[in-house]
>>> print(open('final_21.cif').read())   # mmCIF, C-alpha atoms
data_query
#
loop_
_atom_site.label_atom_id
_atom_site.label_comp_id
_atom_site.auth_asym_id
_atom_site.auth_seq_id
_atom_site.Cartn_x
_atom_site.Cartn_y
_atom_site.Cartn_z
CA MET A 1 130.11 141.97 105.38
CA THR A 2 127.18 143.77 103.80
CA ALA A 3 124.12 144.93 105.69
CA GLN A 4 122.00 142.65 103.56
CA ALA A 5 123.99 139.60 104.65
CA THR A 6 123.30 140.32 108.33
CA LEU A 7 119.54 140.53 107.96
CA PRO A 8 117.65 137.60 109.53
CA GLU A 9 115.97 135.15 107.23
CA PRO A 10 112.35 136.26 106.68
CA ARG A 11 109.71 134.18 108.41
CA ILE A 12 107.22 132.57 106.08
CA ARG A 13 103.63 132.82 107.27
CA ARG A 14 102.40 129.92 105.14
CA GLY A 15 100.26 127.62 107.24
CA PRO A 16 98.69 124.20 106.57
CA VAL A 17 96.79 123.23 103.43
CA ARG A 18 93.65 125.21 102.63
CA ALA A 19 90.38 123.58 101.57
CA ALA A 20 90.63 124.93 98.02
CA GLU A 21 94.08 123.36 97.58
CA ARG A 22 93.04 119.80 98.38
CA ALA A 23 92.99 117.09 95.72
CA LEU A 24 90.18 114.53 95.73
CA ALA A 25 92.17 111.31 95.20
CA PRO A 26 94.43 111.45 98.31
CA ASP A 27 91.54 112.43 100.60
CA LEU A 28 89.21 109.81 99.13
CA ALA A 29 91.91 107.15 99.42
CA ARG A 30 92.66 107.94 103.06
CA GLY A 31 89.01 108.06 104.05
CA ALA A 32 88.03 104.84 102.30
CA MET A 33 91.10 102.89 103.34
CA LEU A 34 90.50 103.75 106.98
CA LEU A 35 87.78 101.10 106.68
CA PHE A 36 90.46 98.56 105.77
CA ILE A 37 92.60 99.78 108.68
CA ALA A 38 89.59 99.34 110.97
CA LEU A 39 88.95 95.81 109.70
CA ALA A 40 92.59 94.81 110.15
CA ASN A 41 93.24 96.44 113.53
CA SER A 42 89.94 95.43 115.12
CA ALA A 43 90.54 91.81 114.11
CA GLY A 44 94.01 91.96 115.66
CA TYR A 45 92.59 93.47 118.83
CA PHE A 46 89.68 91.02 119.19
CA LEU A 47 91.78 87.96 118.33
CA ALA A 48 94.95 89.16 120.10
CA SER A 49 97.14 88.28 117.13
CA ALA A 50 98.83 89.75 114.10
CA PRO A 51 97.52 89.34 111.52
CA GLY A 52 94.05 89.14 113.00
CA VAL A 53 92.84 85.84 111.58
CA GLU A 54 90.99 83.01 113.29
CA THR A 55 93.54 80.24 113.89
CA ASP A 56 90.84 77.56 114.06
CA PRO A 57 88.35 78.81 111.46
CA ARG A 58 84.99 77.17 111.05
CA GLY A 59 82.19 77.68 108.61
CA PHE A 60 82.06 81.20 107.21
CA GLU A 61 85.19 82.15 109.17
CA ARG A 62 87.26 80.11 106.73
CA PHE A 63 86.14 82.22 103.78
CA TYR A 64 86.46 85.42 105.77
CA ASN A 65 90.04 84.56 106.76
CA PHE A 66 90.73 84.08 103.05
CA PHE A 67 89.20 87.47 102.21
CA MET A 68 91.08 89.30 104.95
CA VAL A 69 94.48 87.97 103.92
CA GLU A 70 93.90 88.52 100.21
CA PHE A 71 92.56 92.08 100.35
CA ILE A 72 92.99 93.66 103.80
CA HIS A 73 95.93 92.52 105.93
CA ALA A 74 99.28 93.98 104.84
CA ARG A 75 97.50 95.71 101.94
CA ALA A 76 96.02 98.81 103.62
CA PHE A 77 98.99 100.23 105.53
CA PRO A 78 101.31 100.39 102.46
CA LEU A 79 98.81 102.79 100.87
CA PHE A 80 99.12 105.10 103.88
CA ALA A 81 102.93 104.91 103.62
CA LEU A 82 102.63 105.98 99.99
CA MET A 83 100.21 108.77 100.95
CA PHE A 84 102.57 109.91 103.69
CA GLY A 85 105.41 110.34 101.18
CA TYR A 86 103.04 112.01 98.74
CA GLY A 87 101.94 114.41 101.48
CA LEU A 88 105.52 115.34 102.41
CA VAL A 89 106.09 116.53 98.85
CA GLN A 90 102.79 118.45 98.80
CA LEU A 91 103.62 120.18 102.07
CA ALA A 92 107.10 121.14 100.89
CA ARG A 93 105.77 122.40 97.56
CA ARG A 94 103.21 124.67 99.25
CA GLN A 95 105.92 126.18 101.42
CA GLU A 96 108.19 126.75 98.42
CA GLU A 97 105.41 128.37 96.42
CA ALA A 98 104.82 130.74 99.34
CA GLY A 99 108.44 131.87 99.12
CA ALA A 100 110.06 129.70 101.78
CA THR A 101 113.75 128.97 101.49
CA PRO A 102 114.99 125.35 101.54
CA GLY A 103 116.05 125.82 105.15
CA GLN A 104 112.60 127.06 106.14
CA VAL A 105 110.94 124.14 104.39
CA ARG A 106 113.15 121.70 106.25
CA ARG A 107 112.38 123.31 109.59
CA VAL A 108 108.62 123.14 109.05
CA LEU A 109 108.75 119.47 108.05
CA LEU A 110 111.15 118.52 110.82
CA ARG A 111 108.98 120.22 113.43
CA ARG A 112 105.81 118.59 112.10
CA ASN A 113 107.34 115.11 111.98
CA ALA A 114 108.90 115.49 115.41
CA TRP A 115 105.46 116.21 116.83
CA LEU A 116 104.02 113.32 114.85
CA PHE A 117 106.55 111.08 116.57
CA VAL A 118 105.35 112.43 119.94
CA PHE A 119 101.77 111.61 118.89
CA GLY A 120 102.97 108.09 118.09
CA ILE A 121 104.55 107.67 121.52
CA ALA A 122 101.29 108.70 123.21
CA HIS A 123 99.15 106.56 120.93
CA GLY A 124 101.42 103.53 121.05
CA LEU A 125 101.87 103.50 124.81
CA LEU A 126 98.42 104.59 125.95
CA LEU A 127 96.15 102.93 123.39
CA TYR A 128 97.58 100.65 120.71
CA SER A 129 101.10 99.30 120.34
CA GLY A 130 100.48 98.56 116.65
CA ASP A 131 100.82 102.32 116.12
CA PHE A 132 102.25 103.68 112.86
CA LEU A 133 102.49 107.38 113.76
CA GLY A 134 105.77 107.07 115.63
CA ALA A 135 107.42 105.31 112.70
CA TYR A 136 106.02 107.89 110.28
CA GLY A 137 107.46 110.68 112.41
CA LEU A 138 110.94 109.13 112.42
CA ILE A 139 110.74 108.31 108.71
CA GLY A 140 109.56 111.84 107.96
CA ILE A 141 112.54 113.31 109.79
CA ALA A 142 115.01 111.03 108.01
CA PHE A 143 113.38 111.59 104.63
CA THR A 144 113.41 115.37 105.07
CA LEU A 145 117.09 115.39 105.93
CA LEU A 146 118.29 112.83 103.38
CA LEU A 147 115.98 112.75 100.37
CA LEU A 148 113.24 115.38 100.18
CA GLN A 149 115.15 118.18 98.46
CA ARG A 150 117.29 116.00 96.24
CA SER A 151 117.19 116.36 92.46
CA ASP A 152 115.21 114.23 90.03
CA ARG A 153 118.45 112.36 89.31
CA VAL A 154 118.25 110.92 92.84
CA HIS A 155 114.48 110.43 92.99
CA ARG A 156 114.38 108.47 89.75
CA PHE A 157 115.81 105.52 91.70
CA ALA A 158 112.72 105.28 93.92
CA PRO A 159 110.67 103.13 91.50
CA TRP A 160 113.51 100.60 91.41
CA TYR A 161 112.29 99.50 94.82
CA LEU A 162 109.40 97.91 92.91
CA ALA A 163 111.85 95.82 90.89
CA ILE A 164 113.66 94.72 94.04
CA GLY A 165 110.36 93.91 95.75
CA GLY A 166 109.18 92.04 92.68
CA LEU A 167 112.37 89.95 92.57
CA TYR A 168 112.06 89.15 96.27
CA THR A 169 108.43 88.15 95.70
CA LEU A 170 109.48 85.75 92.96
CA VAL A 171 112.12 84.16 95.20
CA LEU A 172 109.60 83.68 98.01
CA GLY A 173 107.07 82.31 95.51
CA ALA A 174 109.63 79.76 94.38
CA LEU A 175 110.29 78.70 97.98
CA VAL A 176 106.56 78.26 98.56
CA ALA A 177 106.22 76.21 95.37
CA VAL A 178 109.11 73.96 96.39
CA GLY A 179 107.63 73.53 99.85
CA ARG A 180 104.24 72.61 98.45
CA GLY A 181 105.81 70.12 96.09
CA SER A 182 107.77 68.35 98.80
CA GLY A 183 104.70 67.07 100.61
CA SER A 184 102.05 68.13 103.12
CA GLY A 185 102.20 68.95 106.80
CA ASP A 186 100.12 70.20 109.66
CA ALA A 187 101.55 73.65 110.44
CA ALA A 188 99.48 76.14 112.40
CA ILE A 189 98.46 79.40 110.78
CA PRO A 190 101.49 81.67 111.42
CA VAL A 191 100.44 84.56 113.65
CA SER A 192 102.24 86.65 116.26
CA PRO A 193 100.82 87.07 119.78
CA PHE A 194 99.50 90.44 120.97
CA PRO A 195 99.82 90.30 124.79
CA SER A 196 98.76 93.88 125.56
CA VAL A 197 95.19 93.32 124.37
CA GLU A 198 94.82 90.30 126.63
CA ALA A 199 95.91 92.10 129.82
CA THR A 200 93.25 92.07 132.51
CA THR A 201 93.87 95.64 133.73
CA TYR A 202 94.77 98.88 132.01
CA LEU A 203 98.03 99.18 133.98
CA ALA A 204 99.01 95.67 132.92
CA SER A 205 98.23 96.51 129.29
CA LEU A 206 100.31 99.67 129.59
CA GLY A 207 103.26 97.60 130.78
CA GLU A 208 102.92 95.27 127.79
CA ARG A 209 102.74 98.20 125.37
CA LEU A 210 105.92 99.66 126.87
CA ALA A 211 107.66 96.56 125.54
CA GLU A 212 105.66 96.10 122.33
CA TRP A 213 105.60 99.61 120.85
CA PRO A 214 109.36 100.23 120.47
CA VAL A 215 109.89 96.87 118.79
CA HIS A 216 106.94 97.37 116.44
CA THR A 217 108.09 100.88 115.55
CA ALA A 218 111.61 99.67 114.77
CA THR A 219 110.28 96.99 112.42
CA LEU A 220 108.39 99.68 110.46
CA LEU A 221 111.35 101.92 109.70
CA PRO A 222 112.17 100.16 106.37
CA MET A 223 108.88 101.67 105.16
CA ILE A 224 110.98 104.68 104.20
CA LEU A 225 111.33 102.95 100.82
CA MET A 226 107.53 102.91 100.41
CA VAL A 227 107.44 106.56 101.48
CA TRP A 228 110.08 107.34 98.86
CA VAL A 229 107.94 105.80 96.12
CA GLY A 230 105.01 107.91 97.34
CA ALA A 231 107.20 111.02 97.23
CA TRP A 232 108.25 110.14 93.69
CA ALA A 233 104.55 110.00 92.75
CA GLY A 234 103.96 113.30 94.54
CA ARG A 235 106.73 115.04 92.59
CA ARG A 236 104.85 114.04 89.42
CA ARG A 237 101.40 114.93 90.84
CA LEU A 238 100.03 111.53 89.82
CA LEU A 239 96.98 111.83 92.07
CA GLU A 240 96.46 115.58 91.73
CA THR A 241 96.39 115.49 87.92
CA PRO A 242 95.34 111.90 87.16
CA GLU A 243 94.13 112.88 83.69
CA ARG A 244 97.77 113.30 82.65
CA HIS A 245 98.83 109.85 83.87
CA LEU A 246 95.96 107.52 83.00
CA PRO A 247 98.06 104.78 81.28
CA LEU A 248 100.45 104.64 84.24
CA LEU A 249 97.60 104.60 86.77
CA ARG A 250 95.80 101.81 84.90
CA SER A 251 98.97 99.72 84.73
CA ALA A 252 99.68 100.32 88.42
CA ALA A 253 96.14 99.41 89.44
CA ILE A 254 95.98 96.22 87.42
CA GLY A 255 99.56 95.11 87.97
CA GLY A 256 99.75 96.01 91.65
CA LEU A 257 96.53 94.27 92.61
CA ALA A 258 97.33 91.25 90.44
CA VAL A 259 100.67 90.73 92.19
CA ALA A 260 99.09 91.20 95.63
CA VAL A 261 96.27 88.76 94.94
CA LEU A 262 98.43 86.06 93.35
CA ALA A 263 101.22 86.29 95.94
CA GLY A 264 98.74 86.43 98.80
CA MET A 265 96.81 83.39 97.60
CA PRO A 266 98.91 80.70 99.38
CA MET A 267 98.64 82.43 102.77
CA ALA A 268 94.95 83.10 102.17
CA LEU A 269 94.30 79.42 101.39
CA LEU A 270 96.31 78.37 104.44
CA SER A 271 94.42 80.81 106.68
CA GLY A 272 91.12 79.48 105.41
CA GLY A 273 92.11 75.89 106.12
CA PHE A 274 92.15 74.96 102.45
CA LEU A 275 95.85 73.97 102.48
CA ARG A 276 98.07 71.92 104.77
CA VAL A 277 101.81 72.59 104.72
CA ASP A 278 104.88 72.20 106.93
CA GLU A 279 106.06 75.00 109.20
CA GLY A 280 108.85 76.17 106.90
CA THR A 281 106.49 76.54 103.96
CA ALA A 282 103.93 78.29 106.15
CA ALA A 283 106.57 80.84 107.21
CA SER A 284 107.50 81.45 103.56
CA MET A 285 103.81 81.91 102.71
CA LYS A 286 103.49 84.56 105.40
CA MET A 287 106.57 86.42 104.17
CA LEU A 288 105.27 86.23 100.60
CA TYR A 289 101.91 87.74 101.51
CA GLU A 290 103.55 90.48 103.61
CA THR A 291 106.05 91.40 100.88
CA SER A 292 103.40 91.55 98.17
CA GLY A 293 101.28 93.90 100.29
CA PHE A 294 103.22 96.89 98.97
CA PHE A 295 102.03 96.11 95.46
CA GLY A 296 98.49 95.98 96.79
CA GLY A 297 98.95 99.44 98.28
CA ILE A 298 100.13 100.74 94.91
CA GLY A 299 97.16 99.13 93.19
CA TYR A 300 94.67 100.66 95.62
CA ALA A 301 96.28 104.11 95.36
CA ALA A 302 96.13 103.97 91.57
CA LEU A 303 92.47 102.90 91.72
CA PHE A 304 91.60 106.00 93.72
CA GLY A 305 93.45 108.14 91.20
CA LEU A 306 91.34 106.62 88.43
CA LEU A 307 88.19 107.06 90.50
CA ALA A 308 88.99 110.72 91.11
CA HIS A 309 89.44 111.19 87.37
CA ALA A 310 86.09 109.52 86.68
CA LEU A 311 84.40 111.82 89.21
CA SER A 312 86.06 115.01 87.92
CA GLY A 313 83.68 117.56 86.49
CA ARG A 314 80.73 116.11 88.39
CA PRO A 315 79.11 117.42 91.56
CA ALA A 316 80.45 115.50 94.52
CA GLY A 317 77.75 113.26 95.98
CA LEU A 318 77.05 112.72 99.66
CA VAL A 319 79.12 109.52 99.95
CA VAL A 320 82.18 110.94 98.16
CA THR A 321 82.02 114.16 100.19
CA ALA A 322 81.66 112.31 103.49
CA VAL A 323 84.43 109.78 102.83
CA SER A 324 86.74 112.56 101.59
CA ALA A 325 85.93 114.56 104.72
CA LEU A 326 87.16 111.63 106.78
CA GLY A 327 90.29 111.49 104.62
CA GLN A 328 90.94 115.13 105.50
CA ARG A 329 90.63 114.15 109.17
CA SER A 330 92.30 110.76 108.89
CA LEU A 331 94.55 111.29 111.93
CA SER A 332 91.54 111.90 114.17
CA GLY A 333 89.70 108.96 112.63
CA TYR A 334 92.67 106.65 113.14
CA LEU A 335 93.10 107.62 116.79
CA PHE A 336 89.38 107.28 117.48
CA GLN A 337 89.50 103.73 116.17
CA SER A 338 92.11 102.76 118.75
CA VAL A 339 89.94 104.17 121.54
CA ALA A 340 87.01 102.15 120.19
CA TRP A 341 88.95 98.85 120.09
CA MET A 342 90.15 99.33 123.66
CA VAL A 343 86.59 100.00 124.86
CA LEU A 344 84.99 97.19 122.86
CA ALA A 345 87.53 94.39 123.12
CA THR A 346 89.75 94.56 126.21
CA PRO A 347 89.00 92.35 129.25
CA PHE A 348 88.83 95.38 131.56
CA MET A 349 86.22 97.12 129.36
CA LEU A 350 83.34 95.57 127.38
CA ALA A 351 85.24 92.42 126.28
CA LEU A 352 82.86 91.71 123.39
CA ASP A 353 85.25 89.07 122.06
CA GLU A 354 84.59 86.92 125.13
CA ARG A 355 80.82 87.18 124.70
CA ALA A 356 80.70 86.35 121.00
CA GLY A 357 80.57 82.99 119.29
CA SER A 358 82.88 84.34 116.59
CA PRO A 359 85.23 87.12 117.77
CA LEU A 360 86.45 87.57 114.18
CA LEU A 361 83.03 88.32 112.75
CA VAL A 362 82.04 90.48 115.73
CA SER A 363 85.24 92.48 115.29
CA GLN A 364 84.37 93.14 111.67
CA ALA A 365 80.86 94.30 112.55
CA CYS A 366 82.38 96.67 115.12
CA ALA A 367 84.93 97.89 112.56
CA LEU A 368 82.23 98.73 110.04
CA ALA A 369 80.13 100.50 112.68
CA VAL A 370 83.09 102.55 113.95
CA TRP A 371 84.13 103.54 110.43
CA VAL A 372 80.58 104.63 109.53
CA LEU A 373 80.45 106.67 112.75
CA THR A 374 83.70 108.44 111.88
CA VAL A 375 82.49 109.12 108.33
CA ALA A 376 79.32 110.70 109.69
CA ALA A 377 81.24 112.76 112.26
CA ALA A 378 83.72 113.93 109.61
CA TYR A 379 80.88 114.95 107.31
CA LEU A 380 79.24 117.01 110.06
CA ALA A 381 82.59 118.64 110.83
CA HIS A 382 83.03 119.37 107.12
CA ARG A 383 79.61 121.02 106.94
CA ARG A 384 80.49 123.25 109.89
CA GLY A 385 84.02 124.01 108.72
CA TYR A 386 85.72 122.22 111.62
CA ARG A 387 89.00 120.38 111.32
CA GLY A 388 89.60 117.18 113.22
CA PRO A 389 90.83 117.66 116.80
CA ALA A 390 94.06 115.74 116.21
CA GLU A 391 94.75 117.66 112.98
CA THR A 392 94.09 120.96 114.75
CA LEU A 393 96.51 120.13 117.54
CA LEU A 394 99.24 118.87 115.19
CA ARG A 395 98.95 121.96 112.99
CA ARG A 396 99.03 124.28 115.99
CA LEU A 397 102.20 122.60 117.23
CA ALA A 398 103.81 122.54 113.77
CA TYR A 399 102.87 126.02 112.55
CA GLY A 400 102.10 127.96 115.73
CA ARG A 401 99.14 130.20 116.37
CA LYS A 402 97.54 132.29 113.65
CA ARG A 403 98.05 136.01 113.72
#
>>> encode(input="final_21.cif", output="structure tokens")
Amino acid sequence: MTAQATLPEPRIRRGPVRAAERALAPDLARGAMLLFIALANSAGYFLASAPGVETDPRGFERFYNFFMVEFIHARAFPLFALMFGYGLVQLARRQEEAGATPGQVRRVLLRRNAWLFVFGIAHGLLLYSGDFLGAYGLIGIAFTLLLLQRSDRVHRFAPWYLAIGGLYTLVLGALVAVGRGSGSGDAAIPVSPFPSVEATTYLASLGERLAEWPVHTATLLPMILMVWVGAWAGRRRLLETPERHLPLLRSAAIGGLAVAVLAGMPMALLSGGFLRVDEGTAASMKMLYETSGFFGGIGYAALFGLLAHALSGRPAGLVVTAVSALGQRSLSGYLFQSVAWMVLATPFMLALDERAGSPLLVSQACALAVWVLTVAAAYLAHRRGYRGPAETLLRRLAYGRKR
């Protein structure tokens, strides 16, 4: 055995992404879509249901239910799944360009995603059982081990998930059409209960989340397919160099949003009280709107790529800078939202939902206020060169201390 073979593998000192390396589109997408996450999660918290829609809508609530189902619910989180896969590829590429070996790249990503899973446990049990961080951590570990460093021959199969999803959407659409044609009914709007947000004490809510979070996390693990599509886009730098992919981005924006809107229409009409159907058809409508949400996420992601291209070469204005700053601190913004919903909505805190004539509309006002607050805080942090507290902690755990 040679002396060279016994030398330890060199340690790469490459840390997290630097400010100059950031691309506008992913940051702008994360920052802006945190508003959609706020609208969706606050409604679920205030109404104690998933999705957060008013089950007995009246007046303006009927139209707002329609809007939420068409454009917000099940449309925002797929974008973050795509961005998560995109970010995994960016992180791996930066390590490779710094001279890291494949083994070193894997170790960095595995350590980071393991800590993200720990963040998810804390978030899901202490604050909000609808947490996504735990699932992202597990998906990130699996993706790193199974798919990340595969060749283009393997990754070219990722977009075929769109064809499978499209076929499934057509089948569900046919079931809805058959159900509508067979007559009317009086089914309730299909929602799932959210017991932890109705608990009268924090300890009682903690007990409910102990049961809710593992189940919710398990149901999210199939999102690895969405993450894979995002990684496929990251390997081609679709959002970092949008000028090279404009036809694809335009087709994705138009096609993705068109599918999401058309397939979400039956559930949106049902949620607004504009349709009456039997329970079987209502269940198919819900599945159709949930399945088509992935196409909405693709459409939104492509829109931000096109927007970044339109803004290229121009000085970044205050709004773009502030929203992008939140996107760079999206983990902190996301966690702060959960603290806000617990303070504003739970029975053992302010319980604003019990004091309002319309919990749905109050939840949306709170969501907008919280999002604006996080945008302002992120902008101030950006001006002072501060990272978000959650990002700082995760990076310290993943990369260690600076030397």
>>> closest_residue(input="final_21.cif", among="A:Gly137, A:Pro214, A:Pro195, A:Gly179", to="Leu88 of chain A", atoms="all atoms listed in the file")
A:Gly137
>>> resolve_selection(input="final_21.cif", expression="the PyMOL selection byres ((chain A and resi 89-94) around 7)", output="ChimeraX atom specification")
/A:85-88,95-98,105,231,234-235
>>> resolve_selection(input="final_21.cif", expression="the PyMOL selection byres ((chain A and resi 27) around 8)", output="CSV table (one decimal) with C-alpha atoms, in the coordinates of the input")
chain,number,residue,atom,x,y,z
A,22,ARG,CA,93.0,119.8,98.4
A,23,ALA,CA,93.0,117.1,95.7
A,24,LEU,CA,90.2,114.5,95.7
A,25,ALA,CA,92.2,111.3,95.2
A,26,PRO,CA,94.4,111.4,98.3
A,28,LEU,CA,89.2,109.8,99.1
A,29,ALA,CA,91.9,107.2,99.4
A,30,ARG,CA,92.7,107.9,103.1
A,31,GLY,CA,89.0,108.1,104.0
A,323,VAL,CA,84.4,109.8,102.8
A,324,SER,CA,86.7,112.6,101.6
A,325,ALA,CA,85.9,114.6,104.7
A,326,LEU,CA,87.2,111.6,106.8
A,327,GLY,CA,90.3,111.5,104.6
A,328,GLN,CA,90.9,115.1,105.5
>>> closest_residue(input="final_21.cif", among="A:Phe66, A:Trp115, A:Phe36, A:Phe80", to="Glu391 of chain A", atoms="only C-alpha atoms")
A:Trp115
>>> atom_distance(input="final_21.cif", atom1="atom CA of Arg209 of chain A", atom2="atom CA of Met349 of chain A")
17.0 Å
>>> closest_residue(input="final_21.cif", among="A:Ser330, A:Ser292, A:Thr374, A:Thr281", to="Leu167 of chain A", atoms="all atoms listed in the file")
A:Ser292
>>> resolve_selection(input="final_21.cif", expression="the PyMOL selection byres ((chain A and resi 68) around 9)", output="list in words")
Leu39, Ala40, Gly52, Val53, Phe63, Tyr64, Asn65, Phe66, Phe67, Val69, Glu70, Phe71, Ile72, His73 and Ala268 of chain A
